[in-house]
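This is target_33.txt. It holds compact mmCIF, C-alpha atoms.
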# COMPACT_ATOMS: atom_id res chain seq x y z
CA MET A 1230 -9.41 3.87 -16.46
CA SER A 1231 -6.55 2.27 -18.37
CA GLU A 1232 -8.09 3.34 -21.68
CA TYR A 1233 -7.24 6.90 -20.58
CA PRO A 1234 -3.67 7.98 -21.36
CA LEU A 1235 -1.05 7.99 -18.61
CA TYR A 1236 0.41 11.25 -17.30
CA GLU A 1237 3.49 11.71 -15.15
CA VAL A 1238 3.10 14.09 -12.22
CA PHE A 1239 5.76 16.50 -10.93
CA VAL A 1240 5.28 18.60 -7.78
CA ARG A 1241 7.19 21.64 -6.56
CA SER A 1242 7.06 21.21 -2.81
CA LYS A 1243 8.15 24.76 -1.89
CA HIS A 1244 8.98 27.99 -3.67
CA GLY A 1245 12.62 27.92 -4.68
CA LEU A 1246 12.80 24.14 -5.12
CA ASN A 1247 12.54 22.26 -8.41
CA HIS A 1248 9.61 20.10 -9.49
CA LYS A 1249 10.09 16.47 -8.54
CA HIS A 1250 8.51 13.37 -10.04
CA VAL A 1251 5.94 11.94 -7.61
CA GLY A 1252 3.96 9.39 -9.64
CA SER A 1253 1.40 9.08 -12.39
CA VAL A 1254 -2.32 9.37 -13.10
CA HIS A 1255 -4.65 8.32 -15.90
CA ALA A 1256 -6.70 11.10 -17.51
CA ILE A 1257 -8.54 11.75 -20.74
CA ASP A 1258 -7.11 15.27 -21.11
CA ASP A 1259 -4.71 17.76 -19.54
CA ALA A 1260 -7.36 19.37 -17.34
CA MET A 1261 -8.45 16.03 -15.87
CA ALA A 1262 -4.83 15.05 -15.34
CA MET A 1263 -4.31 18.24 -13.34
CA GLU A 1264 -7.41 17.63 -11.21
CA ASN A 1265 -6.50 14.01 -10.57
CA ALA A 1266 -2.92 14.92 -9.70
CA ARG A 1267 -4.14 17.54 -7.24
CA GLU A 1268 -6.46 15.08 -5.50
CA LEU A 1269 -3.95 12.26 -5.47
CA TYR A 1270 -0.64 13.89 -4.68
CA THR A 1271 -1.30 17.14 -2.78
CA ARG A 1272 -3.95 16.40 -0.17
CA ARG A 1273 -1.68 17.61 2.65
CA CYS A 1274 -0.01 20.79 1.36
CA GLU A 1275 2.69 18.75 -0.38
CA GLY A 1276 3.14 21.35 -3.06
CA VAL A 1277 2.79 24.86 -4.43
CA SER A 1278 2.85 23.91 -8.12
CA ILE A 1279 2.07 20.84 -10.25
CA TRP A 1280 3.22 19.79 -13.73
CA VAL A 1281 1.46 17.01 -15.60
CA VAL A 1282 3.06 15.57 -18.73
CA PRO A 1283 1.72 12.82 -21.01
CA SER A 1284 4.01 9.85 -20.29
CA LYS A 1285 4.48 9.17 -23.99
CA MET A 1286 6.05 12.63 -24.40
CA ILE A 1287 8.97 11.66 -22.16
CA THR A 1288 12.13 10.37 -23.80
CA ALA A 1289 14.10 8.24 -21.34
CA SER A 1290 17.68 7.10 -21.67
CA ALA A 1291 17.90 3.42 -22.52
CA LEU A 1292 19.22 1.02 -19.93
CA ASP A 1293 21.74 -0.35 -22.44
CA ASP A 1294 23.16 3.15 -22.95
CA LYS A 1295 24.09 3.48 -19.30
CA GLU A 1296 27.79 2.87 -19.83
CA ALA A 1297 28.05 5.04 -22.94
CA LEU A 1298 26.27 7.90 -21.25
CA PHE A 1299 27.60 7.87 -17.73
CA ASP A 1300 30.86 5.94 -17.52
CA PRO A 1301 32.99 8.59 -19.33
CA SER A 1302 32.36 11.08 -16.51
CA GLU A 1303 33.97 8.72 -14.00
CA ASP A 1304 37.53 9.27 -15.31
CA LYS A 1305 37.22 13.07 -15.50
CA ILE A 1306 37.99 13.75 -11.90
CA TYR A 1307 39.52 17.11 -12.88
CA ARG A 1308 35.93 18.33 -13.23
CA HIS A 1309 35.60 18.31 -9.44
CA ALA A 1310 36.88 21.14 -7.24
CA SER A 1311 38.55 18.68 -4.89
CA PHE A 1312 40.97 17.65 -7.67
CA TYR A 1313 42.91 20.91 -7.32
CA GLU A 1314 45.22 21.11 -4.34
CA LEU A 1315 45.91 24.60 -3.09
CA PRO A 1316 48.16 25.58 -0.17
CA ASP A 1317 46.37 26.38 3.10
CA GLU A 1318 47.68 29.96 2.93
CA VAL A 1319 45.32 30.64 0.04
CA GLY A 1320 42.42 30.15 2.44
CA HIS A 1321 38.92 29.06 1.51
CA MET A 1322 38.18 29.03 -2.22
CA MET B 843 -1.18 -7.15 5.92
CA TYR B 844 -3.23 -6.40 2.86
CA ALA B 845 -1.73 -9.21 0.80
CA GLN B 846 -2.32 -12.75 1.99
CA LEU B 847 -1.25 -16.04 0.42
CA VAL B 848 0.36 -14.47 -2.64
CA GLU B 849 1.35 -17.25 -5.07
CA THR B 850 4.89 -17.17 -6.41
CA GLY B 851 4.36 -20.09 -8.77
CA VAL B 852 7.70 -21.37 -7.52
CA LYS B 853 7.94 -24.79 -5.89
CA LYS B 854 11.43 -24.42 -4.51
CA VAL B 855 13.89 -21.54 -4.20
CA LYS B 856 16.70 -22.03 -6.71
CA SER B 857 20.23 -22.51 -5.47
CA GLN B 858 23.10 -20.51 -6.94
CA ASP B 859 24.08 -23.44 -9.21
CA GLU B 860 20.60 -23.77 -10.67
CA MET B 861 20.37 -20.12 -11.71
CA SER B 862 21.03 -18.75 -15.19
CA GLN B 863 23.50 -15.86 -15.51
CA ASP B 864 20.61 -13.34 -15.61
CA GLU B 865 18.98 -14.89 -12.56
CA SER B 866 22.22 -14.94 -10.67
CA ASP B 867 22.96 -11.26 -11.50
CA PHE B 868 19.43 -10.40 -10.45
CA GLN B 869 19.73 -12.20 -7.11
CA ALA B 870 23.10 -10.50 -6.50
CA LYS B 871 21.43 -7.10 -6.90
CA ILE B 872 18.66 -8.12 -4.50
CA ASP B 873 21.22 -9.35 -1.96
CA ALA B 874 23.13 -6.07 -2.26
CA GLU B 875 19.88 -4.16 -1.52
CA ILE B 876 19.88 -2.54 -4.97
CA LYS B 877 16.30 -1.71 -5.91
CA ILE B 878 14.87 -3.28 -9.06
CA GLU B 879 13.32 -0.77 -11.45
CA ALA B 880 10.70 -1.30 -14.14
CA LYS B 881 13.09 -1.58 -17.06
CA ASN B 882 15.58 -3.91 -15.33
CA TRP B 883 15.68 -7.58 -16.22
CA MET B 884 13.70 -9.70 -13.76
CA PRO B 885 12.60 -13.34 -13.59
CA GLU B 886 9.09 -13.78 -14.98
CA ALA B 887 7.95 -15.34 -11.69
CA TYR B 888 9.19 -12.25 -9.79
CA ARG B 889 7.18 -9.99 -12.11
CA LYS B 890 4.05 -12.13 -11.81
CA THR B 891 4.33 -12.43 -8.03
CA LEU B 892 4.66 -8.67 -7.72
CA ILE B 893 1.66 -8.06 -9.96
CA ARG B 894 -0.37 -10.47 -7.82
CA GLN B 895 0.82 -8.92 -4.56
CA ILE B 896 0.52 -5.26 -5.56
CA SER B 897 -2.88 -5.73 -7.21
CA GLN B 898 -4.14 -7.61 -4.14
CA HIS B 899 -2.81 -4.78 -1.98
CA ALA B 900 -4.52 -2.17 -4.21
CA HIS B 901 -7.82 -4.06 -4.31
CA SER B 902 -7.72 -4.21 -0.49
CA GLU B 903 -7.39 -0.43 -0.26
CA ILE B 904 -10.31 0.05 -2.64
CA VAL B 905 -12.62 -2.57 -1.09
CA GLY B 906 -11.50 -1.28 2.31
CA MET B 907 -13.41 1.94 1.69
CA LEU B 908 -16.75 0.10 1.80
CA PRO B 909 -16.99 -0.94 5.49
CA GLU B 910 -16.22 2.64 6.51
CA GLY B 911 -18.45 4.20 3.87
CA ASN B 912 -21.26 2.49 5.75
CA TRP B 913 -20.85 5.00 8.61
CA LEU B 914 -20.23 8.25 6.75
CA THR B 915 -23.81 9.43 6.93
CA ARG B 916 -24.12 8.25 10.52
CA ALA B 917 -20.98 9.74 12.06
CA PRO B 918 -21.85 11.25 15.45
CA THR B 919 -20.44 14.72 14.75
CA LEU B 920 -19.40 16.82 11.77
CA LYS B 921 -15.77 16.59 12.95
CA ARG B 922 -15.87 12.78 12.95
CA LYS B 923 -17.55 12.81 9.55
CA LEU B 924 -14.83 14.98 8.03
CA GLN B 925 -12.11 12.80 9.54
CA LEU B 926 -13.72 9.66 8.19
CA LEU B 927 -14.14 11.24 4.75
CA ALA B 928 -10.46 12.19 4.72
CA LYS B 929 -9.43 8.69 5.75
CA ILE B 930 -11.57 7.06 3.07
CA GLN B 931 -10.18 9.44 0.46
CA ASP B 932 -6.69 8.37 1.56
CA GLU B 933 -7.61 4.71 0.99
CA ALA B 934 -8.69 5.58 -2.55
CA GLY B 935 -5.38 7.37 -3.02
CA HIS B 936 -3.43 4.41 -1.68
CA GLY B 937 -5.23 2.12 -4.11
CA LEU B 938 -4.27 4.43 -6.96
CA TYR B 939 -0.59 4.70 -5.96
CA LEU B 940 -0.48 0.91 -5.92
CA TYR B 941 -2.27 0.41 -9.24
CA SER B 942 0.29 2.84 -10.76
CA ALA B 943 3.17 0.82 -9.29
CA MET B 944 1.57 -2.35 -10.68
CA GLU B 945 1.27 -0.81 -14.14
CA THR B 946 5.03 -0.26 -14.30
CA LEU B 947 5.28 -4.08 -14.48
CA GLY B 948 3.24 -4.12 -17.68
CA ALA B 949 -0.05 -5.06 -16.03
CA ASP B 950 -3.27 -3.41 -17.16
CA ARG B 951 -5.40 -1.80 -14.47
CA ASP B 952 -8.78 -2.69 -15.96
CA VAL B 953 -7.75 -6.29 -16.52
CA GLU B 954 -6.63 -6.64 -12.91
CA VAL B 955 -9.80 -5.00 -11.57
CA GLU B 956 -11.81 -7.41 -13.70
CA LYS B 957 -9.93 -10.29 -12.02
CA LEU B 958 -11.10 -8.92 -8.66
CA HIS B 959 -14.69 -8.83 -9.88
CA THR B 960 -14.61 -12.37 -11.21
CA GLY B 961 -13.08 -13.64 -7.97
CA LYS B 962 -9.70 -14.56 -9.53
CA ALA B 963 -7.83 -11.91 -7.55
CA LYS B 964 -8.06 -11.68 -3.78
CA TYR B 965 -8.22 -8.80 -1.35
CA SER B 966 -7.62 -8.79 2.38
CA SER B 967 -9.97 -11.05 4.35
CA ILE B 968 -10.55 -8.31 6.93
CA PHE B 969 -12.87 -6.28 4.69
CA ASN B 970 -15.41 -9.06 4.54
CA TYR B 971 -16.60 -8.38 8.07
CA PRO B 972 -19.56 -6.06 8.68
CA THR B 973 -19.32 -2.72 10.51
CA LEU B 974 -22.18 -2.94 12.98
CA ASN B 975 -21.77 0.13 15.14
CA TRP B 976 -19.91 3.45 15.24
CA THR B 977 -17.16 2.12 17.49
CA ASP B 978 -16.21 -0.24 14.64
CA MET B 979 -14.81 2.88 12.94
CA GLY B 980 -12.52 3.33 15.91
CA ALA B 981 -11.54 -0.33 16.10
CA ILE B 982 -10.85 -0.51 12.35
CA GLY B 983 -8.65 2.59 12.43
CA TRP B 984 -6.74 1.35 15.44
CA LEU B 985 -6.50 -2.42 14.79
CA VAL B 986 -6.88 -2.85 11.02
CA ASP B 987 -4.85 0.17 9.99
CA GLY B 988 -2.47 -0.62 12.84
CA ALA B 989 -1.89 -4.12 11.45
CA ALA B 990 -1.51 -2.67 7.96
CA ILE B 991 1.12 -0.22 9.23
CA VAL B 992 3.21 -2.98 10.81
CA ASN B 993 3.27 -4.72 7.45
CA GLN B 994 3.71 -1.63 5.31
CA VAL B 995 6.54 -0.08 7.31
CA VAL B 996 8.56 -3.20 6.53
CA LEU B 997 7.45 -3.15 2.89
CA GLN B 998 9.06 0.26 2.43
CA ARG B 999 12.23 -1.81 2.02
CA THR B 1000 10.72 -4.17 -0.55
CA SER B 1001 13.04 -4.86 -3.48
CA TYR B 1002 10.89 -3.38 -6.27
CA GLY B 1003 11.46 0.40 -6.52
CA PRO B 1004 7.98 1.60 -7.55
CA TYR B 1005 6.31 -0.59 -4.87
CA SER B 1006 8.74 0.62 -2.24
CA ARG B 1007 8.15 4.28 -3.14
CA ALA B 1008 4.37 3.80 -3.02
CA MET B 1009 4.81 2.29 0.45
CA VAL B 1010 6.84 5.27 1.67
CA ARG B 1011 4.07 7.61 0.58
CA ILE B 1012 1.36 5.41 2.09
CA CYS B 1013 3.13 5.03 5.44
CA LYS B 1014 3.41 8.81 5.76
CA GLU B 1015 -0.37 9.06 5.55
CA GLU B 1016 -1.38 5.95 7.42
CA SER B 1017 -0.52 6.90 10.98
CA PHE B 1018 -3.27 9.53 10.97
CA HIS B 1019 -5.69 6.67 10.34
CA GLN B 1020 -4.58 4.68 13.32
CA ARG B 1021 -4.50 7.64 15.67
CA GLN B 1022 -7.97 8.86 14.68
CA GLY B 1023 -9.32 5.35 15.28
CA TYR B 1024 -7.73 5.04 18.69
CA GLU B 1025 -8.95 8.50 19.63
CA ILE B 1026 -12.53 7.51 18.80
CA LEU B 1027 -12.27 4.57 21.22
CA LEU B 1028 -10.40 6.49 23.90
CA THR B 1029 -12.93 9.33 23.88
CA ILE B 1030 -15.74 6.85 24.44
CA MET B 1031 -13.85 4.89 27.13
CA GLN B 1032 -13.09 8.13 29.00
CA HIS B 1033 -16.33 10.05 28.53
CA GLY B 1034 -18.93 7.61 27.26
CA THR B 1035 -21.87 5.91 28.94
CA ASP B 1036 -21.69 2.30 30.04
CA ALA B 1037 -23.64 1.26 26.97
CA GLN B 1038 -21.17 3.07 24.72
CA LYS B 1039 -18.20 1.52 26.50
CA ALA B 1040 -19.77 -1.90 26.01
CA MET B 1041 -19.92 -1.13 22.28
CA VAL B 1042 -16.16 -0.50 22.24
CA GLN B 1043 -15.50 -3.87 23.85
CA ASP B 1044 -17.93 -5.51 21.43
CA SER B 1045 -16.06 -4.02 18.44
CA ILE B 1046 -12.75 -5.28 19.78
CA ASN B 1047 -14.23 -8.72 20.42
CA ARG B 1048 -15.41 -9.00 16.83
CA LEU B 1049 -12.40 -7.46 15.09
CA TRP B 1050 -9.55 -8.84 17.21
CA TRP B 1051 -9.11 -12.24 15.57
CA PRO B 1052 -9.80 -11.06 12.01
CA SER B 1053 -7.09 -8.40 12.55
CA LEU B 1054 -4.57 -11.07 13.56
CA MET B 1055 -5.54 -13.06 10.44
CA MET B 1056 -4.53 -10.10 8.27
CA PHE B 1057 -0.90 -11.23 8.50
CA GLY B 1058 -1.77 -14.47 6.68
CA PRO B 1059 -1.22 -18.13 7.63
CA THR B 1060 1.49 -19.25 10.03
CA ASP B 1061 4.96 -19.57 8.54
CA ASP B 1062 4.61 -23.36 8.43
CA ASP B 1063 1.53 -23.02 6.23
CA SER B 1064 2.89 -20.27 4.04
CA PRO B 1065 4.57 -22.10 1.14
CA ASN B 1066 5.16 -18.96 -0.92
CA SER B 1067 6.95 -16.98 1.78
CA LYS B 1068 10.34 -18.53 1.20
CA GLN B 1069 10.67 -17.32 -2.39
CA SER B 1070 9.10 -13.93 -1.61
CA LEU B 1071 11.60 -13.48 1.23
CA ALA B 1072 14.52 -14.54 -0.99
CA TRP B 1073 13.45 -11.95 -3.57
CA LYS B 1074 12.92 -9.48 -0.73
CA ILE B 1075 9.40 -8.77 -1.94
CA LYS B 1076 8.50 -9.65 1.64
CA ARG B 1077 10.96 -8.58 4.32
CA LYS B 1078 9.58 -10.35 7.40
CA SER B 1079 7.56 -13.52 7.84
CA ASN B 1080 3.85 -13.58 8.68
CA ASP B 1081 4.45 -14.80 12.23
CA GLU B 1082 7.15 -12.21 12.93
CA LEU B 1083 4.86 -9.39 11.80
CA ARG B 1084 1.89 -10.75 13.75
CA GLN B 1085 3.99 -10.93 16.92
CA MET B 1086 5.23 -7.36 16.41
CA PHE B 1087 1.64 -6.19 16.06
CA ILE B 1088 0.46 -7.99 19.19
CA ASP B 1089 3.39 -6.77 21.27
CA GLN B 1090 2.79 -3.14 20.38
CA THR B 1091 -1.03 -3.33 20.61
CA ILE B 1092 -1.59 -4.91 24.05
CA PRO B 1093 -0.33 -1.90 26.05
CA GLN B 1094 -2.66 0.30 23.98
CA LEU B 1095 -5.51 -2.13 24.68
CA GLU B 1096 -4.79 -1.97 28.40
CA PHE B 1097 -4.67 1.82 28.35
CA LEU B 1098 -8.16 1.81 26.86
CA GLY B 1099 -9.28 -0.37 29.76
CA CYS B 1100 -10.47 -3.09 27.40
CA THR B 1101 -9.59 -6.77 26.93
CA ALA B 1102 -8.87 -9.09 24.02
CA PRO B 1103 -11.16 -12.08 23.46
CA ASP B 1104 -8.28 -14.48 24.02
CA PRO B 1105 -7.98 -16.32 27.37
CA ASP B 1106 -4.46 -17.52 26.43
CA LEU B 1107 -3.07 -14.03 25.92
CA LYS B 1108 -0.32 -13.32 28.45
CA TRP B 1109 3.09 -11.72 28.77
CA ASN B 1110 5.96 -14.19 28.51
CA GLU B 1111 8.87 -12.98 30.62
CA GLU B 1112 11.24 -15.48 29.04
CA THR B 1113 10.66 -14.62 25.38
CA GLY B 1114 9.91 -10.95 25.97
CA HIS B 1115 6.77 -11.31 23.87
CA TYR B 1116 3.08 -11.92 24.41
CA ASP B 1117 1.84 -15.50 24.02
CA PHE B 1118 -1.52 -15.78 22.35
CA GLY B 1119 -4.13 -18.40 21.56
CA GLU B 1120 -4.66 -20.47 18.43
CA ILE B 1121 -6.18 -18.59 15.48
CA ASP B 1122 -9.22 -20.23 13.87
CA TRP B 1123 -7.69 -20.83 10.46
CA SER B 1124 -10.79 -22.53 9.11
CA GLU B 1125 -12.52 -19.16 9.38
CA PHE B 1126 -9.61 -17.44 7.59
CA TYR B 1127 -9.69 -19.85 4.65
CA ALA B 1128 -13.48 -19.71 4.43
CA VAL B 1129 -13.43 -15.90 4.25
CA LEU B 1130 -10.61 -15.92 1.71
CA LYS B 1131 -12.56 -18.40 -0.44
CA GLY B 1132 -15.47 -15.99 -0.59
CA ASN B 1133 -17.60 -17.28 2.26
CA GLY B 1134 -17.17 -14.46 4.78
CA PRO B 1135 -20.15 -12.48 6.06
CA CYS B 1136 -19.81 -9.71 3.44
CA ASN B 1137 -17.83 -11.08 0.46
CA GLN B 1138 -20.75 -11.02 -1.97
CA GLU B 1139 -21.94 -7.63 -0.85
CA ARG B 1140 -18.47 -6.09 -1.23
CA LEU B 1141 -17.89 -7.41 -4.72
CA ALA B 1142 -21.40 -6.49 -5.84
CA LYS B 1143 -20.79 -2.92 -4.62
CA ARG B 1144 -17.48 -2.67 -6.51
CA LYS B 1145 -18.99 -4.02 -9.73
CA SER B 1146 -21.94 -1.70 -9.51
CA ALA B 1147 -19.65 1.29 -8.93
CA ILE B 1148 -17.75 0.47 -12.14
CA ASP B 1149 -20.93 -0.20 -14.13
CA LYS B 1150 -22.83 2.81 -12.88
CA GLY B 1151 -19.81 5.04 -13.51
CA ALA B 1152 -19.51 3.99 -17.16
CA TRP B 1153 -21.54 6.94 -18.44
CA VAL B 1154 -19.26 9.37 -16.59
CA ARG B 1155 -16.17 7.89 -18.24
CA GLU B 1156 -17.86 7.96 -21.63
CA ALA B 1157 -18.97 11.55 -21.14
CA ALA B 1158 -15.41 12.55 -20.24
CA VAL B 1159 -14.12 10.97 -23.45
CA ALA B 1160 -16.80 12.73 -25.52
CA TYR B 1161 -16.04 16.06 -23.84
CA ALA B 1162 -12.31 15.70 -24.42
CA LYS B 1163 -12.91 14.91 -28.10
CA LYS B 1164 -15.16 17.95 -28.46
CA GLN B 1165 -12.59 20.23 -26.82
CA GLU B 1166 -9.92 18.84 -29.14
CA SER B 1167 -12.02 19.42 -32.28
CA MET B 1168 -12.83 22.98 -31.17
CA LYS B 1169 -9.13 23.66 -30.82
CA GLY B 1170 -8.63 22.62 -34.44
CA ALA B 1171 -11.51 24.78 -35.75
Would you mind writing the file out in structure tokens?
Amino acid sequence: MSEYPLYEVFVRSKHGLNHKHVGSVHAIDDAMAMENARELYTRRCEGVSIWVVPSKMITASALDDKEALFDPSEDKIYRHASFYELPDEVGHM
Amino acid sequence: MYAQLVETGVKKVKSQDEMSQDESDFQAKIDAEIKIEAKNWMPEAYRKTLIRQISQHAHSEIVGMLPEGNWLTRAPTLKRKLQLLAKIQDEAGHGLYLYSAMETLGADRDVEVEKLHTGKAKYSSIFNYPTLNWTDMGAIGWLVDGAAIVNQVVLQRTSYGPYSRAMVRICKEESFHQRQGYEILLTIMQHGTDAQKAMVQDSINRLWWPSLMMFGPTDDDSPNSKQSLAWKIKRKSNDELRQMFIDQTIPQLEFLGCTAPDPDLKWNEETGHYDFGEIDWSEFYAVLKGNGPCNQERLAKRKSAIDKGAWVREAAVAYAKKQESMKGA
């Protein structure tokens, strides 16, 4: 099976929720990937919708870029609602 | 336990002083319970040990379909047949989750399956025993899947992220297996004829010791455990898991009204655990080496499934190519 390309599988578990990565399958084409994903990941009503995406089509952030990408957000606490102190009289906002 | 005697290739666990900076950072993450992901740096021996353990685990799921497949066409009712089909399909699924987790470590699925077929890779010793009557389906679900659950529940906390996530998914599905097995036995013990009840006891007699062997050798004879525990690939020792299994299984055995084929089995008030007799380790090693009752049959079946399925895989490739060329036209 490893000569078949790898697909990543995403399942929407309920209407209103987003698709979530659940695993991967090997398949020769999109249709087979969908069938394999259905058999492998939704045997017990785990979902209402499936996406399959060829793994090679996914661009992932590099591990070495972790600091460059995510550290800057740590010192921008003013982006959180809790940063702003309002008097109690204002009530819930 | 579906993985037994997994080699780490490590003679002695390194002390802090002997570790390189990378190794030391890695161990610190493990100690802090931070999961290791595929792209993280890891010691080569950690990667290789995981590939060996996860592939052995996956092979066990796949080979584990065979003893049960033996009874699909002979299930006593349509309901039992459907349940057994669903369980076997789950085992296939579990094998596939695990092969996927193994692939994240850079291993190739076909190469690892080939190692199984040439005898280089192992699978659990338990699947080399024959399934001689219908009640074996009950005893396997209850005892074999029960032993697997004890091991796998703990493995949900294993240090490698993809393996841990596969375990979470597998554990969710596995308890159906154990319950359906126990229900098969309970139904017979409550409503069956004397001859049928004797079959239940016979199944337990044959599968009891092999089920205890699933957890692998005693801690004293398990040279690889120390490193696997330090890396948190394993979370509990073989003997700890075996004791947990026995303690939780005996009350279920008594409820069935059956006995274990072990004259030394008794409750120990002092330790709060059951004492049990000596396991015949010569049998365990013989089965693991390939000399169990069904080793050759199991491997021959797996090889033939791959060989006989070759035309299907080739046809799928040809069909996909044709569809692709029609799209271009």
Self-check item: Residue contacts of Leu1054 in chain B (9 Å, all atoms listed in the file) excluding same-chain residues fewer than 4 positions away, as a ChimeraX atom specification
Solution: /B:985-986,989,1049-1050,1058,1084,1087-1088,1121
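Atom pair CA of Glu1139 in chain B / CA of Leu914 in chain B: separated by 17.7 Å.
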Quiz prompt | Interatomic distance, CA of Phe1312 in chain A to CA of Asp1294 in chain A (Å, one decimal) | solution = 27.6 Å
Practice problem: Please determine the contact residues of chain B with respect to chain A at a cut-off of 12 Å, counting all atoms listed in the file, and supply them as a VMD selection string. | Solution: chain B and resid 879 to 883 928 to 929 931 to 946 948 to 956 1004 to 1005 1007 to 1008 1010 to 1012 1014 to 1015 1018 1148 1151 to 1152 1154 to 1166
Practice problem: Please measure the separation of CA of Gly851 in chain B and CA of Gly961 in chain B, giving the value in Å to one decimal. | Solution: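 One can read the CA of Gly851 in chain B to CA of Gly961 in chain B distance as 18.6 Å.
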Self-check item: Polymer residues at most 8 Å from Lys1108 in chain B, only C-alpha atoms, same-chain spacing of 3 or more positions, as an MDAnalysis selection string
Solution: chainID B and resid 1116:1118
Could you write out that same residue set with C-alpha atoms as a JSON list (two decimals), keeping the file's coordinate frame?
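In the end it all went to out.json:
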[["chain", "number", "residue", "atom", "x", "y", "z"],
["B", 1116, "TYR", "CA", 3.08, -11.92, 24.41],
["B", 1117, "ASP", "CA", 1.84, -15.50, 24.02],
["B", 1118, "PHE", "CA", -1.52, -15.78, 22.35]]
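For Val848 in chain B, the set of protein, DNA and RNA residues having any atom at most 9 Å away, when counting only C-alpha atoms and skipping those fewer than 2 positions along the same chain, is Ala845, Gln846, Thr850, Thr891, Leu892, Arg894, Gln895, Gln898, Lys964, Asn1066, Ser1067 and Ser1070 of chain B.
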Exercise. Extract, using all atoms listed in the file, all DNA, RNA and protein residues at most 12 Å from Gly988 in chain B, discarding same-chain residues fewer than 6 positions from it, and format them as JSON, numbers by chain.
Key: {"B": [843, 844, 980, 981, 982, 994, 995, 1013, 1016, 1017, 1018, 1019, 1020, 1021, 1022, 1023, 1024, 1050, 1053, 1054, 1056, 1057, 1083, 1084, 1086, 1087, 1088, 1089, 1090, 1091, 1094]}
Quick one: write out the picked residues with C-alpha atoms as an mmCIF file, keeping the file's coordinate frame?
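Full text of part-v8.cif as output:
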data_model
loop_
_atom_site.group_PDB
_atom_site.id
_atom_site.type_symbol
_atom_site.label_atom_id
_atom_site.label_comp_id
_atom_site.auth_asym_id
_atom_site.auth_seq_id
_atom_site.Cartn_x
_atom_site.Cartn_y
_atom_site.Cartn_z
ATOM 1 C CA MET B 843 -1.180 -7.150 5.920
ATOM 2 C CA TYR B 844 -3.230 -6.400 2.860
ATOM 3 C CA GLY B 980 -12.520 3.330 15.910
ATOM 4 C CA ALA B 981 -11.540 -0.330 16.100
ATOM 5 C CA ILE B 982 -10.850 -0.510 12.350
ATOM 6 C CA GLN B 994 3.710 -1.630 5.310
ATOM 7 C CA VAL B 995 6.540 -0.080 7.310
ATOM 8 C CA CYS B 1013 3.130 5.030 5.440
ATOM 9 C CA GLU B 1016 -1.380 5.950 7.420
ATOM 10 C CA SER B 1017 -0.520 6.900 10.980
ATOM 11 C CA PHE B 1018 -3.270 9.530 10.970
ATOM 12 C CA HIS B 1019 -5.690 6.670 10.340
ATOM 13 C CA GLN B 1020 -4.580 4.680 13.320
ATOM 14 C CA ARG B 1021 -4.500 7.640 15.670
ATOM 15 C CA GLN B 1022 -7.970 8.860 14.680
ATOM 16 C CA GLY B 1023 -9.320 5.350 15.280
ATOM 17 C CA TYR B 1024 -7.730 5.040 18.690
ATOM 18 C CA TRP B 1050 -9.550 -8.840 17.210
ATOM 19 C CA SER B 1053 -7.090 -8.400 12.550
ATOM 20 C CA LEU B 1054 -4.570 -11.070 13.560
ATOM 21 C CA MET B 1056 -4.530 -10.100 8.270
ATOM 22 C CA PHE B 1057 -0.900 -11.230 8.500
ATOM 23 C CA LEU B 1083 4.860 -9.390 11.800
ATOM 24 C CA ARG B 1084 1.890 -10.750 13.750
ATOM 25 C CA MET B 1086 5.230 -7.360 16.410
ATOM 26 C CA PHE B 1087 1.640 -6.190 16.060
ATOM 27 C CA ILE B 1088 0.460 -7.990 19.190
ATOM 28 C CA ASP B 1089 3.390 -6.770 21.270
ATOM 29 C CA GLN B 1090 2.790 -3.140 20.380
ATOM 30 C CA THR B 1091 -1.030 -3.330 20.610
ATOM 31 C CA GLN B 1094 -2.660 0.300 23.980
#
Find the smallest box with edges along x, y and z containing every listed atom of range 1311-1318 of chain A, then add 4 Å on each side and report centre and edge lengths in Å to one decimal, as JSON.
{"center_x": 43.4, "center_y": 23.8, "center_z": -2.3, "size_x": 17.6, "size_y": 20.3, "size_z": 18.8}
Self-check item: Non-local contacts of Ile1287 in chain A (12 Å; all atoms listed in the file; under 6 positions in same chain excluded) as number ranges by chain
Solution: A: 1235-1238, 1281
